[in-house]
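Take a look at the structure set out below.
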Amino acid sequence: MHDLSLYLLDILENSVRAGATVIATTIVADRAADRLSMAVEDDGPGLPVEPEQALDPFFTTKQHKKTGLGLSLFRQAAEAAGGGLTVDRSDELGGARVRAWMRLTDIDRPPLGDVAASLATMIVTNPEIEFRVVVDDDGSRTSLCGPDVPLRLSELVSFQKALA
Amino acid sequence: MADKITSPDQLKALAEKAKAGIDLRSGRKETQVTVHMGTCGIAAGAREIVAAFMTELAANGVSSASLHQSGCAGLCEQEPMATVTMADGSTYRYGLLDKDKVQTIVVNHLVGGTPVEAYLIKT
């Protein structure tokens, strides 16, 4: 994957496929702590297996495949940039939660990429799902929720540029 | 803050894009275009293919088609790929897509009614 927005798209697709009706994305840059964190949580049925199994590249819930590379690739990218990735249950929405973090200034941190494009892709192709988005750059926060999210995605542009 | 809009044309373009997006979101229509977005598809450029379909469907005034996504179809080597399902239930699976191929598919198949044989996946 070229950038973090593509990993995000992959995780969002997991939530959609799991049957979620609400999916929340949070991306926070903490410059003092040199940390970039990303979380996706949903109101789906949650993980059908133990978290460690979900991160196994040779495990998948799909019938026609033998590998499940999405989460394991994201974990590898996060660890390469001094971070990590966990999967557990969302306190707020009750479904699955994926959290990844990494050093903001690490030379191996993938660029953030076009988060707005990833979200737009999922919103357009899944109109029945409610998408919520929060991005925070050192306390400068943008929060999008409700039916006007697609029309407000351009508000993410400055965040994306700052973390390119 | 988003980039500033500095001209009426920019504002009009933004409004048209939003209108097209809302139209594509208005439920399933008689023709459905499904872009496959498993990890393999995403890594191969599926996001740009969704954007290309959005652009071309709007540009060609195709109001009878809706745009959807699904997971991996099990043909990873053919990604990015899309499945077109017509009103009669017939399906056409296109592989190794790029923006130019999407334009051709929209013009020839979705508007003209003739599938683009050269881009169909042979199984």
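Quick note on naming: the chains in the structure tokens go A, B, ... in the order shown, residues restart at 1 in each chain, and ligands are numbered from 1 in order of appearance.
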Using only C-alpha atoms, which residues of chain A come within 7 Å of chain B, and what is the closest atom pair for each, with the distance in Å to one decimal? Give it as CSV, sorted by chain and residue number.
residue,atom,partner,partner_atom,distance
A:Met1,CA,B:Ala43,CA,5.4
A:Leu6,CA,B:Ile42,CA,6.7
A:Asp10,CA,B:Thr39,CA,5.9
A:His64,CA,B:Gly74,CA,6.4
A:Lys65,CA,B:Gly74,CA,6.7
A:Leu69,CA,B:Thr39,CA,7.0
A:Gly70,CA,B:Thr39,CA,5.6
A:Ser118,CA,B:Arg47,CA,6.9
A:Thr121,CA,B:Arg47,CA,6.5
A:Val124,CA,B:Arg25,CA,5.5
A:Thr125,CA,B:His68,CA,4.2
A:Asn126,CA,B:His68,CA,6.7
A:Pro127,CA,B:Arg25,CA,5.2
A:Leu151,CA,B:Ala18,CA,6.4
A:Ser154,CA,B:Ala2,CA,5.5
A:Glu155,CA,B:Ala2,CA,4.7
A:Leu156,CA,B:Ala2,CA,6.9
A:Val157,CA,B:Ala2,CA,5.6
A:Ser158,CA,B:Met1,CA,6.0
Based on DSSP run over this structure's backbone, return all residues of chain A in strand (DSSP E or B), as a ChimeraX atom specification.
/A:22-30,35-42,84-89,96-103,130-137,140-144
Next, dump the selected residues to file, keeping only C-alpha atoms, as a PDB file, in the first residue's frame.
ATOM      1  CA  VAL A  22     -22.230   3.174  11.705  1.00  0.00           C
ATOM      2  CA  ILE A  23     -18.484   3.490  11.115  1.00  0.00           C
ATOM      3  CA  ALA A  24     -16.368   6.070  12.920  1.00  0.00           C
ATOM      4  CA  THR A  25     -12.859   7.089  11.856  1.00  0.00           C
ATOM      5  CA  THR A  26     -10.540   9.063  14.118  1.00  0.00           C
ATOM      6  CA  ILE A  27      -7.073  10.294  13.118  1.00  0.00           C
ATOM      7  CA  VAL A  28      -4.992  12.222  15.647  1.00  0.00           C
ATOM      8  CA  ALA A  29      -1.589  13.822  15.230  1.00  0.00           C
ATOM      9  CA  ASP A  30       0.128  14.613  18.546  1.00  0.00           C
ATOM     10  CA  ARG A  35       2.641  10.166  17.505  1.00  0.00           C
ATOM     11  CA  LEU A  36       0.113   9.625  14.748  1.00  0.00           C
ATOM     12  CA  SER A  37      -2.819   7.403  15.624  1.00  0.00           C
ATOM     13  CA  MET A  38      -5.713   6.128  13.597  1.00  0.00           C
ATOM     14  CA  ALA A  39      -8.804   4.278  14.795  1.00  0.00           C
ATOM     15  CA  VAL A  40     -11.780   2.784  12.976  1.00  0.00           C
ATOM     16  CA  GLU A  41     -14.670   1.431  15.008  1.00  0.00           C
ATOM     17  CA  ASP A  42     -18.119   0.206  14.064  1.00  0.00           C
ATOM     18  CA  GLY A  84       1.709  -1.013  16.497  1.00  0.00           C
ATOM     19  CA  LEU A  85      -1.837  -2.129  15.811  1.00  0.00           C
ATOM     20  CA  THR A  86      -4.513  -3.683  17.982  1.00  0.00           C
ATOM     21  CA  VAL A  87      -8.002  -4.975  17.362  1.00  0.00           C
ATOM     22  CA  ASP A  88     -10.657  -5.215  20.064  1.00  0.00           C
ATOM     23  CA  ARG A  89     -14.246  -4.243  20.817  1.00  0.00           C
ATOM     24  CA  ALA A  96     -14.968  -4.038  16.155  1.00  0.00           C
ATOM     25  CA  ARG A  97     -12.271  -1.444  16.748  1.00  0.00           C
ATOM     26  CA  VAL A  98      -8.941  -1.254  14.958  1.00  0.00           C
ATOM     27  CA  ARG A  99      -6.320   1.082  16.384  1.00  0.00           C
ATOM     28  CA  ALA A 100      -2.957   1.811  14.823  1.00  0.00           C
ATOM     29  CA  TRP A 101      -0.280   4.215  15.925  1.00  0.00           C
ATOM     30  CA  MET A 102       3.219   5.162  14.805  1.00  0.00           C
ATOM     31  CA  ARG A 103       5.909   7.789  15.230  1.00  0.00           C
ATOM     32  CA  GLU A 130     -23.465   6.402   8.502  1.00  0.00           C
ATOM     33  CA  PHE A 131     -19.845   7.504   8.391  1.00  0.00           C
ATOM     34  CA  ARG A 132     -18.366   9.706  11.121  1.00  0.00           C
ATOM     35  CA  VAL A 133     -14.968  11.347  10.911  1.00  0.00           C
ATOM     36  CA  VAL A 134     -12.752  13.153  13.409  1.00  0.00           C
ATOM     37  CA  VAL A 135      -9.299  14.465  12.561  1.00  0.00           C
ATOM     38  CA  ASP A 136      -7.162  16.292  15.102  1.00  0.00           C
ATOM     39  CA  ASP A 137      -3.820  17.974  14.483  1.00  0.00           C
ATOM     40  CA  SER A 140      -7.066  21.612  15.912  1.00  0.00           C
ATOM     41  CA  ARG A 141     -10.052  19.350  15.457  1.00  0.00           C
ATOM     42  CA  THR A 142     -12.467  18.760  12.581  1.00  0.00           C
ATOM     43  CA  SER A 143     -15.486  16.604  13.290  1.00  0.00           C
ATOM     44  CA  LEU A 144     -17.864  15.437  10.562  1.00  0.00           C
TER      45      LEU A 144
END
Given only C-alpha atoms as the basis, pick out the residue of B:Leu110, B:Cys76, B:Met81, B:Ala59 nearest to Leu97 in chain B.
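Counting only C-alpha atoms, the residue closest to Leu97 in chain B is B:Met81.
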With only C-alpha atoms as the counted atoms, please give the residues lying no more than 9 Å from Ala54 in chain A, apart from itself and same-chain residues fewer than 4 positions off, as a PyMOL selection string.
chain A and resi 47-50+59-61+68+71-72+87
Taking 2 positions as the minimum chain separation for residues in the same chain, which residues sit within 12 Å of Val116 in chain B when counting only C-alpha atoms? Answer as a PyMOL selection string.
chain B and resi 84+92-95+97+101-114+118-121
Pairwise distance, CA of Ala81 in chain A with CA of Leu12 in chain A, equals 21.8 Å
Give me every alpha helix (DSSP H) residue in chain A, going by DSSP on the backbone, as a PyMOL selection string.
chain A and resi 4-17+51-54+69-80+115-125+149-152+157-162
